[in-house]
file upload28.cif (mmCIF, C-alpha atoms)
data_final
#
loop_
_atom_site.label_atom_id
_atom_site.label_comp_id
_atom_site.auth_asym_id
_atom_site.auth_seq_id
_atom_site.Cartn_x
_atom_site.Cartn_y
_atom_site.Cartn_z
CA ALA A 1 -19.54 72.22 95.09
CA LYS A 2 -20.90 75.79 94.97
CA VAL A 3 -18.42 76.78 92.26
CA GLU A 4 -19.14 73.65 90.24
CA ALA A 5 -22.92 74.29 90.40
CA GLY A 6 -22.42 77.91 89.28
CA VAL A 7 -20.19 77.19 86.26
CA VAL A 8 -21.80 76.53 82.88
CA ARG A 9 -20.84 75.66 79.33
CA VAL A 10 -21.89 78.35 76.88
CA GLY A 11 -22.41 76.78 73.47
CA VAL A 12 -22.56 79.06 70.45
CA THR A 13 -23.74 77.96 67.02
CA TRP A 14 -23.10 80.21 64.03
CA ASN A 15 -25.15 79.52 60.89
CA SER A 16 -23.59 81.35 57.99
CA VAL A 17 -22.99 81.39 54.28
CA VAL A 18 -19.54 82.07 52.84
CA ASN A 19 -19.54 83.85 49.47
CA PHE A 20 -16.33 82.97 47.66
CA PRO A 21 -14.84 83.60 44.23
CA THR A 22 -14.74 80.73 41.74
CA SER A 23 -12.12 80.03 39.11
CA ASN A 24 -14.39 81.45 36.38
CA GLY A 25 -14.75 84.81 38.15
CA SER A 26 -18.26 84.32 39.54
CA THR A 27 -19.20 84.09 43.21
CA ALA A 28 -20.50 80.91 44.82
CA ARG A 29 -22.19 80.44 48.20
CA ARG A 30 -21.61 77.65 50.68
CA GLU A 31 -23.34 77.12 54.03
CA VAL A 32 -21.10 76.76 57.08
CA THR A 33 -22.24 75.87 60.58
CA LEU A 34 -19.72 76.48 63.32
CA TYR A 35 -20.03 75.19 66.87
CA GLY A 36 -18.09 76.70 69.72
CA GLN A 37 -18.08 76.67 73.46
CA CYS A 38 -16.82 78.75 76.30
CA THR A 39 -17.15 78.74 80.04
CA GLY A 40 -19.51 81.00 81.93
CA PHE A 41 -20.70 81.47 85.48
CA PHE A 42 -23.87 82.76 87.07
CA VAL A 43 -23.72 86.26 88.52
CA SER A 44 -27.32 86.46 89.71
CA GLY A 45 -30.05 84.21 91.00
CA ASP A 46 -32.28 85.04 88.03
CA GLY A 47 -30.26 83.54 85.18
CA HIS A 48 -27.69 86.21 84.30
CA LEU A 49 -24.26 84.84 83.54
CA ILE A 50 -20.90 86.10 82.39
CA THR A 51 -18.73 84.61 79.66
CA ALA A 52 -15.98 85.85 77.38
CA GLY A 53 -16.95 88.46 74.80
CA HIS A 54 -15.08 86.69 72.01
CA CYS A 55 -17.42 83.71 72.41
CA VAL A 56 -20.38 85.69 71.08
CA ASP A 57 -18.61 88.28 68.91
CA PRO A 58 -19.37 87.94 65.18
CA ALA A 59 -16.07 89.65 64.29
CA PHE A 60 -14.14 87.05 66.28
CA ALA A 61 -16.11 84.15 64.76
CA ARG A 62 -15.39 85.34 61.21
CA GLY A 63 -11.92 83.78 61.04
CA ASP A 64 -13.20 80.51 62.52
CA ILE A 65 -16.04 80.40 59.95
CA VAL A 66 -13.53 80.89 57.13
CA ASP A 67 -11.26 78.20 58.63
CA LYS A 68 -14.14 75.72 58.76
CA PHE A 69 -15.15 76.59 55.19
CA LEU A 70 -11.58 76.07 53.95
CA LYS A 71 -11.29 72.77 55.83
CA GLN A 72 -14.52 71.58 54.20
CA GLU A 73 -13.18 72.58 50.79
CA VAL A 74 -9.91 70.72 51.41
CA ASP A 75 -11.82 67.65 52.66
CA LEU A 76 -13.95 67.70 49.48
CA GLY A 77 -10.81 67.97 47.32
CA LEU A 78 -11.83 71.38 45.97
CA TYR A 79 -8.76 73.11 47.44
CA THR A 80 -5.35 71.77 48.36
CA GLN A 81 -4.15 72.63 51.84
CA ALA A 82 -1.56 74.95 50.28
CA GLU A 83 -4.29 76.77 48.31
CA ALA A 84 -6.42 77.09 51.44
CA ASP A 85 -3.46 78.47 53.39
CA ASP A 86 -2.69 80.96 50.60
CA VAL A 87 -6.24 82.32 50.38
CA ARG A 88 -7.06 82.46 54.11
CA THR A 89 -5.88 86.01 54.84
CA THR A 90 -7.78 87.40 51.85
CA ALA A 91 -10.85 85.33 52.71
CA VAL A 92 -11.02 86.62 56.28
CA ALA A 93 -10.50 90.22 55.20
CA GLU A 94 -12.59 90.39 52.04
CA TRP A 95 -15.06 87.56 51.47
CA LYS A 96 -18.69 88.25 52.28
CA ILE A 97 -20.01 86.16 55.15
CA GLU A 98 -23.71 86.42 55.78
CA GLY A 99 -26.63 84.58 57.31
CA PRO A 100 -28.76 81.88 55.69
CA THR A 101 -30.79 84.59 53.93
CA ALA A 102 -28.85 86.71 51.43
CA GLY A 103 -27.96 90.06 52.98
CA SER A 104 -28.59 88.96 56.56
CA SER A 105 -25.99 88.60 59.30
CA PRO A 106 -24.84 85.13 60.40
CA THR A 107 -27.23 83.75 62.99
CA ARG A 108 -25.94 83.10 66.47
CA THR A 109 -27.67 80.66 68.82
CA ILE A 110 -26.51 80.51 72.42
CA THR A 111 -27.23 77.45 74.55
CA VAL A 112 -26.23 77.10 78.18
CA THR A 113 -25.66 73.66 79.73
CA GLN A 114 -24.11 71.94 82.68
CA PRO A 115 -22.75 68.40 82.67
CA ARG A 116 -25.38 66.03 83.99
CA ALA A 117 -23.04 64.76 86.70
CA VAL A 118 -22.75 68.15 88.45
CA PRO A 119 -24.29 67.88 91.95
CA GLY A 120 -26.78 70.70 92.52
CA SER A 121 -26.91 71.57 88.84
CA ALA A 122 -29.13 74.58 88.20
CA LEU A 123 -29.71 73.43 84.62
CA PRO A 124 -30.87 69.82 84.30
CA ASP A 125 -31.50 70.48 80.58
CA PRO A 126 -29.84 72.80 78.06
CA LEU A 127 -31.43 76.25 77.87
CA ARG A 128 -31.45 78.78 75.06
CA ALA A 129 -29.96 82.06 76.15
CA GLN A 130 -30.23 85.66 75.07
CA LEU A 131 -27.25 87.92 74.65
CA VAL A 132 -27.73 91.01 76.80
CA ASP A 133 -24.49 92.78 75.81
CA PHE A 134 -20.84 92.12 75.07
CA LYS A 135 -17.49 93.85 74.72
CA SER A 136 -15.05 92.66 72.08
CA THR A 137 -11.71 91.06 72.83
CA TYR A 138 -9.99 94.44 72.63
CA ALA A 139 -12.57 96.33 74.72
CA GLY A 140 -12.76 94.04 77.75
CA ASP A 141 -13.68 90.58 76.36
CA VAL A 142 -16.80 90.07 78.46
CA ALA A 143 -20.41 89.18 77.70
CA LEU A 144 -23.60 89.20 79.74
CA VAL A 145 -26.01 86.41 78.82
CA LYS A 146 -29.44 85.54 80.27
CA VAL A 147 -31.28 82.23 80.61
CA GLU A 148 -34.86 81.92 81.81
CA SER A 149 -34.35 80.56 85.30
CA ASP A 150 -34.88 81.97 88.75
CA GLN A 151 -32.80 79.37 90.58
CA THR A 152 -29.23 80.00 89.47
CA PRO A 153 -26.41 80.00 92.05
CA ALA A 154 -24.51 83.27 91.70
CA LEU A 155 -20.78 83.01 92.29
CA THR A 156 -18.86 85.63 94.22
CA ILE A 157 -15.61 86.46 92.47
CA ALA A 158 -13.91 88.05 95.48
CA ASP A 159 -14.92 89.87 98.61
CA ALA A 160 -12.17 92.45 98.01
CA ASP A 161 -9.62 93.38 95.36
CA PRO A 162 -6.96 90.64 95.32
CA ASN A 163 -3.30 91.33 95.98
CA GLY A 164 -0.77 90.57 93.27
CA GLY A 165 0.91 87.17 93.42
CA ILE A 166 -1.90 85.27 95.13
CA ALA A 167 -2.83 81.77 93.94
CA VAL A 168 -5.91 81.41 91.75
CA THR A 169 -7.93 78.46 90.54
CA ALA A 170 -9.47 78.33 87.08
CA VAL A 171 -12.46 76.16 86.27
CA GLY A 172 -14.21 75.68 82.98
CA PHE A 173 -14.46 74.07 79.57
CA THR A 174 -11.53 74.59 77.22
CA THR A 175 -12.61 73.20 73.85
CA GLY A 176 -13.19 76.45 71.90
CA TYR A 177 -14.57 76.14 68.36
CA THR A 178 -15.20 72.64 67.13
CA GLY A 179 -16.78 70.83 64.26
CA GLU A 180 -19.64 69.46 66.30
CA PRO A 181 -21.71 70.51 69.30
CA ALA A 182 -20.53 69.28 72.70
CA ASP A 183 -22.12 66.12 74.04
CA ASP A 184 -23.01 66.84 77.66
CA ALA A 185 -23.96 63.22 78.29
CA GLN A 186 -20.27 62.30 78.12
CA GLU A 187 -19.20 64.51 81.01
#
call {"tool": "encode", "arguments": {"input": "upload28.cif", "output": "structure tokens"}}
result
Amino acid sequence: AKVEAGVVRVGVTWNSVVNFPTSNGSTARREVTLYGQCTGFFVSGDGHLITAGHCVDPAFARGDIVDKFLKQEVDLGLYTQAEADDVRTTAVAEWKIEGPTAGSSPTRTITVTQPRAVPGSALPDPLRAQLVDFKSTYAGDVALVKVESDQTPALTIADADPNGGIAVTAVGFTTGYTGEPADDAQE
């Protein structure tokens, strides 16, 4: 019960604009909103929590934003799937992805929730969170996030360094990036 009450879903929404080349040589802009989620857990009683760095890393989200853009284009009949597959590598590497305002960075909104059915839930309602710091996938893949709450159950990872070969239990939410935000009422 203590572990369940200390584990949270970290929802990340990226609002972005993909600038892409058109067939006549000009550049067009298309808005893309990407929803993702990761698992986190409280590490303090005052709202600090840990999640994976890739969940909040703009460089990591870039490929997922391009994938969503290309899926939208295929769904609209503006690209074939083969055309989308052919252009993906170039799009991720070269296309300009920015925020809703030209020249700005994509906006990232972090929301922390717990399923309503969790006994002893510290978060009866979703809370906006602030990113304190993160390390990319290749530099440690960890992020420190803060919600405004002074009643969060901190989880202890281990009392001592574990020995190799011991059993572990993983808990969390495994959806990753999706087309729509998670519906906590369903859990």
call {"tool": "residues_around", "arguments": {"input": "upload28.cif", "residues": "A:Thr109", "least_positions_apart": "3", "cutoff": "10 Å", "atoms": "all atoms listed in the file", "output": "PyMOL selection string"}}
result
chain A and resi 11-15+35+56+106+128-131
call {"tool": "resolve_selection", "arguments": {"input": "upload28.cif", "expression": "the PyMOL selection byres ((chain A and resi 46) around 9)", "output": "ChimeraX atom specification"}}
result
/A:42-45,47-48,146-154
call {"tool": "resolve_selection", "arguments": {"input": "upload28.cif", "expression": "the PyMOL selection byres ((chain A and resi 65) around 9)", "output": "count of residues only"}}
result
17
call {"tool": "closest_residue", "arguments": {"input": "upload28.cif", "among": "A:Glu98, A:Asp86, A:Asp125, A:Asp141", "to": "A:Arg29", "atoms": "all atoms listed in the file"}}
result
A:Glu98
call {"tool": "residues_near_point", "arguments": {"input": "upload28.cif", "point": "(-14.4, 84.3, 46.5)", "cutoff": "12 Å", "atoms": "all atoms listed in the file", "output": "PyMOL selection string"}}
result
chain A and resi 17-30+66+69-70+84+87-88+90-97
call {"tool": "atom_distance", "arguments": {"input": "upload28.cif", "atom1": "atom CA of A:Leu49", "atom2": "atom CA of A:Ala143"}}
result
8.2 Å
call {"tool": "atom_distance", "arguments": {"input": "upload28.cif", "atom1": "atom CA of A:Thr80", "atom2": "atom CA of A:Pro58"}}
result
27.2 Å
call {"tool": "closest_residue", "arguments": {"input": "upload28.cif", "among": "A:Pro124, A:Ala59, A:Gly103, A:Glu31", "to": "A:Val8", "atoms": "all atoms listed in the file"}}
result
A:Pro124
call {"tool": "residues_near_point", "arguments": {"input": "upload28.cif", "point": "(-6.1, 73.7, 53.9)", "cutoff": "8 Å", "atoms": "only C-alpha atoms", "output": "number ranges by chain"}}
result
A: 70-71, 73-74, 79-85
call {"tool": "residues_around", "arguments": {"input": "upload28.cif", "residues": "A:Val112", "least_positions_apart": "5", "cutoff": "6 Å", "atoms": "all atoms listed in the file", "output": "PyMOL selection string"}}
result
chain A and resi 9-10+126-127
call {"tool": "write_last_selection", "arguments": {"input": "upload28.cif", "atoms": "C-alpha atoms", "output": "PDB file, in the coordinates of the input"}}
result
ATOM      1  CA  ARG A   9     -20.840  75.660  79.330  1.00  0.00           C
ATOM      2  CA  VAL A  10     -21.890  78.350  76.880  1.00  0.00           C
ATOM      3  CA  PRO A 126     -29.840  72.800  78.060  1.00  0.00           C
ATOM      4  CA  LEU A 127     -31.430  76.250  77.870  1.00  0.00           C
TER       5      LEU A 127
END
call {"tool": "closest_residue", "arguments": {"input": "upload28.cif", "among": "A:Gly120, A:Gly99, A:Gly77, A:Gly6", "to": "A:Phe41", "atoms": "all atoms listed in the file"}}
result
A:Gly6
call {"tool": "decode", "arguments": {"input": "upload28.cif", "residues": "stretch 125-141 of chain A", "atoms": "N, CA, C and O atoms", "output": "mmCIF file, in the first residue's frame"}}
result
data_model
loop_
_atom_site.group_PDB
_atom_site.id
_atom_site.type_symbol
_atom_site.label_atom_id
_atom_site.label_comp_id
_atom_site.auth_asym_id
_atom_site.auth_seq_id
_atom_site.Cartn_x
_atom_site.Cartn_y
_atom_site.Cartn_z
ATOM 1 N N ASP A 125 -6.460 14.934 -6.982
ATOM 2 C CA ASP A 125 -6.679 15.599 -8.268
ATOM 3 C C ASP A 125 -5.339 15.765 -8.969
ATOM 4 O O ASP A 125 -4.294 15.855 -8.317
ATOM 5 N N PRO A 126 -5.358 15.819 -10.304
ATOM 6 C CA PRO A 126 -4.104 16.058 -11.030
ATOM 7 C C PRO A 126 -3.473 17.392 -10.613
ATOM 8 O O PRO A 126 -4.180 18.363 -10.346
ATOM 9 N N LEU A 127 -2.158 17.414 -10.551
ATOM 10 C CA LEU A 127 -1.427 18.639 -10.222
ATOM 11 C C LEU A 127 -0.426 18.967 -11.312
ATOM 12 O O LEU A 127 0.243 18.078 -11.838
ATOM 13 N N ARG A 128 -0.323 20.250 -11.641
ATOM 14 C CA ARG A 128 0.756 20.697 -12.522
ATOM 15 C C ARG A 128 2.061 20.581 -11.767
ATOM 16 O O ARG A 128 2.123 20.792 -10.564
ATOM 17 N N ALA A 129 3.104 20.265 -12.484
ATOM 18 C CA ALA A 129 4.415 20.085 -11.869
ATOM 19 C C ALA A 129 5.446 20.950 -12.574
ATOM 20 O O ALA A 129 5.281 21.299 -13.750
ATOM 21 N N GLN A 130 6.495 21.244 -11.855
ATOM 22 C CA GLN A 130 7.622 21.989 -12.401
ATOM 23 C C GLN A 130 8.812 21.053 -12.531
ATOM 24 O O GLN A 130 9.087 20.253 -11.629
ATOM 25 N N LEU A 131 9.507 21.181 -13.640
ATOM 26 C CA LEU A 131 10.735 20.416 -13.824
ATOM 27 C C LEU A 131 11.850 21.121 -13.066
ATOM 28 O O LEU A 131 12.109 22.306 -13.285
ATOM 29 N N VAL A 132 12.491 20.402 -12.158
ATOM 30 C CA VAL A 132 13.611 20.957 -11.403
ATOM 31 C C VAL A 132 14.897 20.769 -12.207
ATOM 32 O O VAL A 132 15.659 21.707 -12.420
ATOM 33 N N ASP A 133 15.118 19.544 -12.699
ATOM 34 C CA ASP A 133 16.311 19.247 -13.488
ATOM 35 C C ASP A 133 16.155 17.865 -14.104
ATOM 36 O O ASP A 133 15.341 17.068 -13.646
ATOM 37 N N PHE A 134 16.917 17.606 -15.164
ATOM 38 C CA PHE A 134 16.902 16.268 -15.748
ATOM 39 C C PHE A 134 18.235 15.966 -16.396
ATOM 40 O O PHE A 134 19.001 16.862 -16.733
ATOM 41 N N LYS A 135 18.489 14.674 -16.551
ATOM 42 C CA LYS A 135 19.643 14.184 -17.306
ATOM 43 C C LYS A 135 19.088 13.358 -18.453
ATOM 44 O O LYS A 135 18.171 12.554 -18.270
ATOM 45 N N SER A 136 19.661 13.539 -19.628
ATOM 46 C CA SER A 136 19.194 12.848 -20.819
ATOM 47 C C SER A 136 19.361 11.335 -20.689
ATOM 48 O O SER A 136 20.018 10.839 -19.767
ATOM 49 N N THR A 137 18.809 10.637 -21.648
ATOM 50 C CA THR A 137 18.892 9.178 -21.680
ATOM 51 C C THR A 137 20.335 8.705 -21.567
ATOM 52 O O THR A 137 20.632 7.732 -20.871
ATOM 53 N N TYR A 138 21.249 9.403 -22.223
ATOM 54 C CA TYR A 138 22.638 8.964 -22.278
ATOM 55 C C TYR A 138 23.484 9.480 -21.119
ATOM 56 O O TYR A 138 24.638 9.109 -20.991
ATOM 57 N N ALA A 139 22.900 10.322 -20.263
ATOM 58 C CA ALA A 139 23.658 10.882 -19.135
ATOM 59 C C ALA A 139 23.084 10.466 -17.787
ATOM 60 O O ALA A 139 23.408 11.057 -16.769
ATOM 61 N N GLY A 140 22.200 9.469 -17.789
ATOM 62 C CA GLY A 140 21.645 8.987 -16.529
ATOM 63 C C GLY A 140 20.147 8.744 -16.565
ATOM 64 O O GLY A 140 19.605 8.036 -15.739
ATOM 65 N N ASP A 141 19.436 9.390 -17.492
ATOM 66 C CA ASP A 141 17.998 9.185 -17.707
ATOM 67 C C ASP A 141 17.186 9.333 -16.425
ATOM 68 O O ASP A 141 16.446 8.439 -16.021
#
